[in-house]
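Shown next: input-v1.csv, given as CSV, C-alpha atoms.
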```csv
chain,number,residue,atom,x,y,z
H,1,MET,CA,40.0,142.0,11.6
H,2,PRO,CA,43.6,143.1,10.7
H,3,VAL,CA,44.4,146.8,10.8
H,4,HIS,CA,45.7,147.7,7.4
H,5,ILE,CA,47.8,150.8,7.9
H,6,TYR,CA,49.7,151.1,4.7
H,7,LEU,CA,47.9,151.7,1.5
H,8,THR,CA,46.5,155.1,2.6
H,9,MET,CA,47.1,158.6,1.3
H,10,ASN,CA,48.6,159.4,4.7
H,11,TYR,CA,51.1,156.6,4.5
H,12,ILE,CA,52.1,157.5,1.0
H,13,LYS,CA,52.6,161.2,2.0
H,14,ASN,CA,54.7,160.1,5.0
H,15,LEU,CA,56.8,157.8,2.9
H,16,LYS,CA,57.6,160.6,0.5
H,17,ASN,CA,58.5,162.9,3.5
H,18,ALA,CA,60.8,160.2,4.8
H,19,LEU,CA,62.5,159.8,1.4
H,20,ALA,CA,62.9,163.6,1.2
H,21,SER,CA,65.2,163.5,4.2
H,22,LEU,CA,67.7,161.3,2.3
H,23,PRO,CA,70.6,162.5,0.2
H,24,PHE,CA,69.9,162.4,-3.5
H,25,ALA,CA,71.8,159.2,-4.3
H,26,LEU,CA,69.9,157.2,-1.6
H,27,ARG,CA,66.6,158.8,-2.4
H,28,ASN,CA,67.1,158.1,-6.1
H,29,ALA,CA,68.0,154.4,-5.3
H,30,VAL,CA,64.7,153.9,-3.4
H,31,ASN,CA,62.7,155.7,-6.1
H,32,ASN,CA,64.2,153.6,-8.9
H,33,VAL,CA,63.2,150.3,-7.3
H,34,THR,CA,60.8,148.7,-9.8
H,35,LYS,CA,58.3,147.5,-7.3
H,36,LEU,CA,58.6,148.9,-3.8
H,37,PRO,CA,56.7,147.0,-1.1
H,38,ASP,CA,53.6,148.9,0.2
H,39,ASN,CA,54.3,148.1,3.8
H,40,ILE,CA,57.7,149.6,4.5
H,41,GLN,CA,57.9,150.6,8.2
H,42,GLU,CA,61.5,151.8,8.5
H,43,ILE,CA,64.4,153.1,6.4
H,44,HIS,CA,67.6,152.2,8.2
H,45,LEU,CA,71.0,153.9,7.5
H,46,ARG,CA,74.3,152.7,8.9
H,47,VAL,CA,77.7,154.1,8.1
H,48,ASN,CA,79.5,151.9,5.4
H,49,LYS,CA,76.6,149.4,5.4
H,50,PRO,CA,73.8,148.8,3.0
H,51,ILE,CA,70.6,150.9,3.2
H,52,VAL,CA,67.9,148.6,4.6
H,53,LEU,CA,64.1,148.8,4.2
H,54,TYR,CA,62.1,147.0,6.9
H,55,SER,CA,58.6,145.7,6.6
H,56,PRO,CA,56.7,143.8,9.3
H,57,ASP,CA,57.8,140.4,7.9
H,58,ASN,CA,61.0,141.1,6.0
H,59,ARG,CA,64.0,143.3,5.3
H,60,TYR,CA,65.1,144.5,1.9
H,61,PHE,CA,68.4,145.6,0.5
H,62,ILE,CA,68.8,147.5,-2.8
H,63,THR,CA,71.3,146.3,-5.4
H,64,GLU,CA,73.4,148.6,-7.6
H,65,ASN,CA,71.0,148.0,-10.5
H,66,PHE,CA,68.0,149.0,-8.2
H,67,LYS,CA,66.6,145.6,-7.5
H,68,LEU,CA,65.3,144.6,-4.1
H,69,THR,CA,66.8,141.5,-2.4
H,70,ALA,CA,66.5,139.9,1.0
H,71,ASP,CA,70.0,138.5,0.6
H,72,TYR,CA,73.1,140.3,2.0
H,73,GLN,CA,75.5,140.3,-0.9
H,74,SER,CA,78.4,142.3,-2.3
H,75,ASN,CA,76.6,144.5,-4.9
H,76,LEU,CA,74.4,146.5,-2.5
H,77,ILE,CA,74.0,150.2,-2.3
H,78,LYS,CA,75.9,151.4,0.8
H,79,VAL,CA,75.5,154.4,3.0
H,80,THR,CA,78.5,156.6,3.4
H,81,LYS,CA,79.5,158.9,6.3
H,82,PRO,CA,78.6,162.0,4.2
H,83,ASP,CA,75.2,160.4,3.6
H,84,ILE,CA,74.7,160.1,7.3
H,85,ASN,CA,75.8,163.7,7.9
H,86,GLU,CA,73.5,165.1,5.2
H,87,THR,CA,70.5,163.1,6.4
H,88,PHE,CA,71.2,164.2,10.0
H,89,SER,CA,71.3,167.8,8.8
H,90,ASN,CA,68.1,167.4,6.8
H,91,ILE,CA,66.1,165.9,9.7
H,92,CYS,CA,67.3,168.7,12.0
H,93,ASN,CA,66.1,171.3,9.4
H,94,PHE,CA,69.8,172.4,9.2
H,95,SER,CA,69.6,173.6,12.8
H,96,VAL,CA,71.1,170.9,15.2
H,97,TYR,CA,70.9,173.3,18.1
H,98,SER,CA,67.1,173.7,17.7
H,99,LYS,CA,66.7,169.9,18.0
H,100,GLN,CA,69.0,169.4,21.0
H,101,ASN,CA,66.3,168.4,23.4
H,102,GLU,CA,65.2,165.6,21.1
H,103,ILE,CA,68.7,164.6,20.1
H,104,VAL,CA,69.7,163.8,23.7
H,105,ASN,CA,66.7,161.5,23.9
H,106,GLY,CA,67.8,159.6,20.8
H,107,PHE,CA,65.2,160.7,18.3
H,108,ILE,CA,63.9,163.6,16.2
H,109,THR,CA,60.3,164.2,15.2
H,110,LEU,CA,59.8,165.1,11.6
H,111,TYR,CA,57.1,167.0,9.7
H,112,GLY,CA,54.1,164.7,9.1
H,113,GLY,CA,54.7,162.6,12.2
H,114,ASN,CA,57.7,160.5,11.0
H,115,ARG,CA,60.5,159.9,13.6
H,116,ALA,CA,64.2,159.4,13.1
H,117,GLY,CA,66.0,157.4,15.8
H,118,ILE,CA,69.7,158.3,16.0
H,119,CYS,CA,72.7,156.3,17.2
H,120,GLY,CA,76.2,157.7,17.9
H,121,THR,CA,78.6,158.7,20.6
H,122,ALA,CA,77.0,160.0,23.8
H,123,LEU,CA,78.5,162.8,25.7
H,124,ASN,CA,77.9,162.5,29.5
H,125,LYS,CA,78.1,164.8,32.4
H,126,GLU,CA,77.5,163.4,35.9
H,127,GLY,CA,75.8,160.4,34.3
H,128,ILE,CA,73.4,162.5,32.1
H,129,ILE,CA,73.6,162.6,28.3
H,130,TYR,CA,73.8,166.2,27.1
H,131,ASN,CA,74.7,165.6,23.5
H,132,ILE,CA,75.2,162.9,20.9
H,133,ARG,CA,77.9,163.3,18.3
H,134,ASP,CA,79.5,161.2,15.5
H,135,ILE,CA,76.1,159.9,14.3
H,136,SER,CA,76.6,156.4,12.9
H,137,SER,CA,73.1,155.2,12.4
H,138,ILE,CA,69.7,156.8,11.5
H,139,ASN,CA,66.5,154.9,11.5
H,140,ILE,CA,63.5,156.7,10.0
H,141,ARG,CA,60.2,155.2,11.0
H,142,ILE,CA,57.3,155.8,8.7
H,143,ALA,CA,54.3,157.2,10.7
H,144,SER,CA,51.0,155.5,10.4
H,145,GLU,CA,47.5,156.6,11.3
H,146,VAL,CA,44.4,154.4,11.1
H,147,ILE,CA,41.1,156.3,11.8
H,148,ASP,CA,38.6,154.2,13.8
H,149,CYS,CA,41.1,151.3,14.4
H,150,SER,CA,40.3,151.4,18.1
H,151,LYS,CA,36.5,151.2,17.8
H,152,PRO,CA,36.4,147.4,18.1
H,153,LEU,CA,38.5,147.6,21.2
H,154,ILE,CA,36.3,150.2,22.8
H,155,GLU,CA,33.3,148.0,22.2
H,156,LYS,CA,35.0,145.0,23.9
H,157,ILE,CA,36.3,146.8,27.0
H,158,LYS,CA,33.6,146.9,29.7
H,159,ASP,CA,34.8,150.0,31.6
H,160,ILE,CA,37.5,152.0,29.9
H,161,HIS,CA,37.4,154.5,32.8
H,162,ARG,CA,39.0,152.0,35.1
H,163,GLY,CA,42.4,152.0,33.4
H,164,VAL,CA,43.7,150.2,30.3
H,165,LEU,CA,47.2,148.9,29.6
H,166,ILE,CA,47.9,148.0,26.0
H,167,CYS,CA,50.8,145.5,25.7
H,168,GLY,CA,52.7,144.4,22.7
H,169,ALA,CA,56.1,143.9,21.1
H,170,PRO,CA,57.7,146.7,19.2
H,171,CYS,CA,55.9,147.7,15.9
H,172,SER,CA,52.7,145.7,17.0
H,173,GLY,CA,50.5,148.8,16.7
H,174,LYS,CA,50.3,150.1,20.3
H,175,THR,CA,50.9,153.7,19.5
H,176,THR,CA,48.5,153.6,16.5
H,177,ILE,CA,45.7,152.3,18.7
H,178,LEU,CA,46.5,154.8,21.5
H,179,ARG,CA,46.4,157.6,19.1
H,180,ASP,CA,43.0,156.7,17.8
H,181,LEU,CA,41.7,156.1,21.3
H,182,ALA,CA,42.7,159.6,22.2
H,183,ARG,CA,40.7,160.9,19.2
H,184,LEU,CA,37.6,158.9,19.8
H,185,LEU,CA,37.4,159.3,23.5
H,186,SER,CA,38.1,163.1,23.4
H,187,PHE,CA,34.6,163.8,22.0
H,188,ASP,CA,32.8,162.6,25.1
H,189,ASN,CA,35.6,163.0,27.7
H,190,LYS,CA,38.3,165.6,28.6
H,191,VAL,CA,41.5,163.8,27.4
H,192,CYS,CA,45.1,164.8,28.0
H,193,VAL,CA,47.9,163.2,26.0
H,194,VAL,CA,51.3,163.1,27.7
H,195,ASP,CA,53.5,162.7,24.6
H,196,THR,CA,56.9,162.1,26.2
H,197,ARG,CA,58.6,160.9,23.0
H,198,CYS,CA,56.6,162.9,20.5
H,199,GLU,CA,55.0,159.8,19.0
H,200,LEU,CA,51.3,160.0,19.8
H,201,ALA,CA,50.4,163.4,18.5
H,202,SER,CA,53.8,164.1,16.9
H,203,CYS,CA,53.6,167.8,17.4
H,204,TYR,CA,55.7,169.7,15.0
H,205,ARG,CA,56.2,173.4,16.0
H,206,GLY,CA,53.1,173.1,18.2
H,207,GLU,CA,50.8,171.5,15.6
H,208,ALA,CA,49.8,167.9,16.0
H,209,GLN,CA,50.6,165.9,12.9
H,210,PHE,CA,48.0,163.3,13.7
H,211,ASP,CA,44.3,163.6,14.4
H,212,ILE,CA,43.9,163.3,18.2
H,213,GLY,CA,40.5,164.9,18.3
H,214,LEU,CA,39.9,167.4,21.1
H,215,SER,CA,42.8,166.1,23.3
H,216,ASP,CA,45.2,168.5,25.0
H,217,VAL,CA,48.8,167.5,24.3
H,218,PHE,CA,51.8,167.8,26.6
H,219,THR,CA,54.8,167.3,24.3
H,220,SER,CA,58.2,166.2,25.5
H,221,TYR,CA,57.1,166.4,29.2
H,222,SER,CA,58.4,163.6,31.5
H,223,LYS,CA,55.6,161.3,32.7
H,224,ARG,CA,55.9,162.9,36.1
H,225,ASP,CA,55.6,166.5,34.9
H,226,GLY,CA,53.1,165.7,32.2
H,227,PHE,CA,50.7,164.0,34.6
H,228,GLU,CA,51.1,166.7,37.2
H,229,HIS,CA,50.5,169.5,34.8
H,230,ALA,CA,47.6,167.7,33.2
H,231,VAL,CA,45.8,167.2,36.5
H,232,ARG,CA,46.5,170.7,37.8
H,233,CYS,CA,45.7,172.6,34.6
H,234,MET,CA,43.3,170.6,32.5
H,235,SER,CA,41.2,168.5,34.9
H,236,PRO,CA,41.1,165.5,32.6
H,237,ASP,CA,38.8,162.5,32.7
H,238,ILE,CA,41.4,160.4,30.9
H,239,ILE,CA,45.2,160.7,30.5
H,240,ILE,CA,46.8,158.8,27.7
H,241,CYS,CA,50.5,158.1,27.4
H,242,ASP,CA,52.9,155.7,25.7
H,243,GLU,CA,55.7,153.4,26.9
H,244,ILE,CA,55.3,153.3,30.6
H,245,GLY,CA,58.0,151.7,32.7
H,246,GLU,CA,60.1,152.0,35.8
H,247,GLY,CA,59.4,155.1,37.8
H,248,ASP,CA,55.9,155.8,36.3
H,249,CYS,CA,53.9,154.2,39.1
H,250,ILE,CA,53.7,157.3,41.3
H,251,PRO,CA,52.6,159.7,38.6
H,252,ILE,CA,49.9,157.3,37.5
H,253,GLU,CA,48.7,156.7,41.1
H,254,ASN,CA,48.6,160.4,41.7
H,255,ALA,CA,46.5,160.9,38.6
H,256,LEU,CA,44.1,158.2,39.8
H,257,LYS,CA,43.7,159.8,43.2
H,258,SER,CA,42.8,163.0,41.4
H,259,GLY,CA,39.9,161.3,39.6
H,260,ALA,CA,41.5,160.7,36.2
H,261,SER,CA,41.8,157.3,34.6
H,262,VAL,CA,44.9,156.3,32.6
H,263,ILE,CA,45.3,154.5,29.3
H,264,ALA,CA,48.9,153.6,28.5
H,265,SER,CA,51.0,151.1,26.6
H,266,ALA,CA,53.9,148.9,27.6
H,267,HIS,CA,56.6,146.8,25.8
H,268,CYS,CA,55.8,143.2,26.7
H,269,LYS,CA,54.6,140.5,24.4
H,270,ASP,CA,52.4,138.5,26.8
H,271,ARG,CA,51.1,138.3,30.3
H,272,PHE,CA,54.0,136.2,31.5
H,273,GLU,CA,56.4,138.9,30.5
H,274,LEU,CA,54.2,141.6,32.0
H,275,LEU,CA,54.0,139.9,35.4
H,276,ASN,CA,57.8,139.2,35.5
H,277,LYS,CA,59.3,142.4,34.0
H,278,PRO,CA,60.8,144.3,36.9
H,279,SER,CA,60.1,147.7,35.4
H,280,LEU,CA,56.3,146.9,35.0
H,281,LYS,CA,55.6,144.7,38.0
H,282,PRO,CA,55.0,147.6,40.4
H,283,LEU,CA,52.4,149.1,38.0
H,284,VAL,CA,50.6,145.8,37.8
H,285,GLU,CA,50.6,145.2,41.5
H,286,SER,CA,49.4,148.7,42.3
H,287,LYS,CA,46.2,147.9,40.4
H,288,CYS,CA,46.3,151.1,38.4
H,289,PHE,CA,44.9,149.2,35.4
H,290,ASN,CA,41.8,147.1,35.3
H,291,THR,CA,42.0,145.9,31.7
H,292,PHE,CA,45.1,144.5,29.9
H,293,VAL,CA,45.1,144.3,26.1
H,294,PHE,CA,47.7,142.1,24.4
H,295,LEU,CA,48.4,142.6,20.8
H,296,LYS,CA,49.8,140.2,18.2
H,297,ASP,CA,53.3,140.7,16.8
H,298,ARG,CA,54.4,143.0,14.0
H,299,LYS,CA,53.3,140.6,11.3
H,300,GLU,CA,49.7,141.2,12.4
H,301,VAL,CA,49.8,144.9,13.2
H,302,GLY,CA,47.0,146.2,15.4
H,303,GLN,CA,45.3,142.8,16.0
H,304,VAL,CA,44.2,141.9,19.5
H,305,CYS,CA,45.4,138.6,20.9
H,306,GLU,CA,43.5,138.7,24.2
H,307,ILE,CA,41.9,141.1,26.7
H,308,LEU,CA,42.1,140.3,30.4
H,309,ASN,CA,40.9,141.9,33.5
H,310,GLY,CA,43.0,142.1,36.7
H,311,GLU,CA,41.7,138.8,38.1
H,312,GLU,CA,42.2,136.9,34.8
H,313,LEU,CA,45.7,138.3,34.5
H,314,TYR,CA,46.8,136.2,37.5
H,315,ALA,CA,44.7,133.2,36.7
```
Using structure tokens, write down the structure that the file contains.
Amino acid sequence: MPVHIYLTMNYIKNLKNALASLPFALRNAVNNVTKLPDNIQEIHLRVNKPIVLYSPDNRYFITENFKLTADYQSNLIKVTKPDINETFSNICNFSVYSKQNEIVNGFITLYGGNRAGICGTALNKEGIIYNIRDISSINIRIASEVIDCSKPLIEKIKDIHRGVLICGAPCSGKTTILRDLARLLSFDNKVCVVDTRCELASCYRGEAQFDIGLSDVFTSYSKRDGFEHAVRCMSPDIIICDEIGEGDCIPIENALKSGASVIASAHCKDRFELLNKPSLKPLVESKCFNTFVFLKDRKEVGQVCEILNGEELYA
């Protein structure tokens, strides 16, 4: 069955929180739309370009008379540089310095679990980004939470303790499913969540904005440090993390040697891409995961396309 993540009180609250980050003129424009789609995933701002609302299957612009349109035309409400500056100040809670660690990673976690991706001019020192200035784009992603959405998956996986990799394209529901897995599994297992990009638990000032059950959360840790601290300090049965890639093989293997199993996600739409993506190939070949779950695209959020074990993956 499809996972319907939108018409929930949690979604409505997070949409309001996202709109509260916008300057009055842009917030007023969205609020005055006669019929706003109930599945908006992203609010995208670009300097001197129209404000864009993205849903899983469409994008919408807002005309000067507050009508939605999918057509790029001349009478659209545009985002100004002051709009970007004010939004950036709002999402930083008027303290850019306090958000510096997140800014250099290209995102800011907002109250309620929303995230704002930022784009601008990177300042580098010895190849390492230490700041981003002249912000030119801000993409606010509306957080979603679906309680029990992972139950069907748990029932289908024969042995979840032998490692699970959830694969899918962007916005296919990987994080939503991982979040619910953390919640459900934490009641019978010791679960640690390594939340490198503040998406899974979305901790805001130390408080998780999503229900991740009895899980322990390592926020903004690198995979290497998060896995090492989890194993040393919390003796987990399961470690859950998002968006694994190049360089994550050793931390995962070390966790397995310590007796913890790993549940993670990866950006790849099918098994062909998984087997041929250079950043993921070592993880597959190391046999850190016994089960591979492939999700459908963003038009069918949270739906499982197929579940394969290691042998079936290479068949």
Give me the residues near range 63-75 of chain H as a list in words, where near means some atom within 8 Å (using all atoms listed in the file) and where sequence neighbours in that chain fewer than 2 positions away do not count.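 Close residues of range 63-75 of chain H: Ala29, Val30, Asn32, Val33, Thr34, Leu36, Asn58, Arg59, Tyr60, Phe61 and Ile77 of chain H.
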Have a look at CA of Ser172 in chain H and CA of Leu200 in chain H and let me know their distance in Å, one decimal. 14.6 Å
To one decimal place, how far is CA of Asp237 in chain H from CA of Ala208 in chain H in Å?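 So the two atoms, CA of Asp237 in chain H and CA of Ala208 in chain H, lie 20.7 Å apart.
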As a check of understanding: the span from CA of Gly112 in chain H to CA of Arg197 in chain H is 15.1 Å
Compare H:Ala116, H:Ile140, H:Leu184, H:Ala255 by their minimum atom-to-atom distance to Val52 in chain H, counting only C-alpha atoms, and give me the closest one.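 Between H:Ala116, H:Ile140, H:Leu184, H:Ala255, the residue approaching Val52 in chain H most closely is H:Ile140.
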Between H:Lys277, H:Lys35, H:Arg179, H:Lys174, single out the one closest to Leu295 in chain H, counting only C-alpha atoms.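 Closest candidate: H:Lys174.
Shortest atom-to-atom contact with Leu110 in chain H among H:Asn31, H:Ser98, H:Ser21, H:Asn10: H:Ser21, counting all atoms listed in the file.
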Any chance you could tabulate, as a Markdown table, the residues of range 33-87 of chain H at most 7 Å from range 133-136 of chain H with each one's nearest atom pair and distance in Å to one decimal, using only C-alpha atoms, in chain and rising number order?
```
| residue | atom | partner | partner_atom | distance |
| --- | --- | --- | --- | --- |
| H:Arg46 | CA | H:Ser136 | CA | 5.9 |
| H:Val47 | CA | H:Ser136 | CA | 5.4 |
| H:Ile84 | CA | H:Ser136 | CA | 7.0 |
```
May I ask which of the residues H:Arg27, H:Glu42, H:Val284, H:Arg271 is the closest one to Ala169 in chain H, counting all atoms listed in the file?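 Between H:Arg27, H:Glu42, H:Val284, H:Arg271, the residue approaching Ala169 in chain H most closely is H:Arg271.
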Fewer than 3 positions away in the same chain doesn't count, so skip those; otherwise give me all residues within 9 Å of Gly310 in chain H, counting only C-alpha atoms, as a list in words.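 Close residues of Gly310 in chain H: Val284, Lys287, Phe289, Asn290, Thr291, Phe292, Leu313 and Tyr314 of chain H.
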Neighbours of point (48.1, 138.2, 17.5) within 10 Å, using only C-alpha atoms, written as number ranges by chain: H: 2, 168, 172, 269, 294-306
Print the selection's residues with C-alpha atoms to a file, as a tab-separated table (two decimals), in the coordinates of the input.
```
chain	number	residue	atom	x	y	z
H	2	PRO	CA	43.60	143.10	10.70
H	168	GLY	CA	52.70	144.40	22.70
H	172	SER	CA	52.70	145.70	17.00
H	269	LYS	CA	54.60	140.50	24.40
H	294	PHE	CA	47.70	142.10	24.40
H	295	LEU	CA	48.40	142.60	20.80
H	296	LYS	CA	49.80	140.20	18.20
H	297	ASP	CA	53.30	140.70	16.80
H	298	ARG	CA	54.40	143.00	14.00
H	299	LYS	CA	53.30	140.60	11.30
H	300	GLU	CA	49.70	141.20	12.40
H	301	VAL	CA	49.80	144.90	13.20
H	302	GLY	CA	47.00	146.20	15.40
H	303	GLN	CA	45.30	142.80	16.00
H	304	VAL	CA	44.20	141.90	19.50
H	305	CYS	CA	45.40	138.60	20.90
H	306	GLU	CA	43.50	138.70	24.20
```
If we count all atoms listed in the file and set the cut-off at 9 Å, which residues sit around Thr219 in chain H, ignoring sequence neighbours fewer than 2 positions away in its own chain? Please answer as a PyMOL selection string. chain H and resi 193-198+201-203+206+217+221-222+226
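Counting only C-alpha atoms and comparing H:Thr175, H:Ser220, H:Asn189, H:Asn105, the residue that lies closest to Pro236 in chain H is H:Asn189.
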Between H:Val231, H:Ala20, H:Leu185, H:Cys167, which has the minimum distance to Leu214 in chain H (counting all atoms listed in the file)?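 Of the candidates, the smallest distance to Leu214 in chain H is held by H:Leu185.
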Using all atoms listed in the file, give me every residue within 10 Å of (65.9, 167.4, 6.6) in file coordinates, as a count of residues only. 19
Write out as number ranges by chain each polymer residue whose atoms come within 10 Å of Ile142 in chain H, counting only C-alpha atoms; drop sequence neighbours fewer than 4 positions from it. H: 6, 11-19, 39-43, 112-116
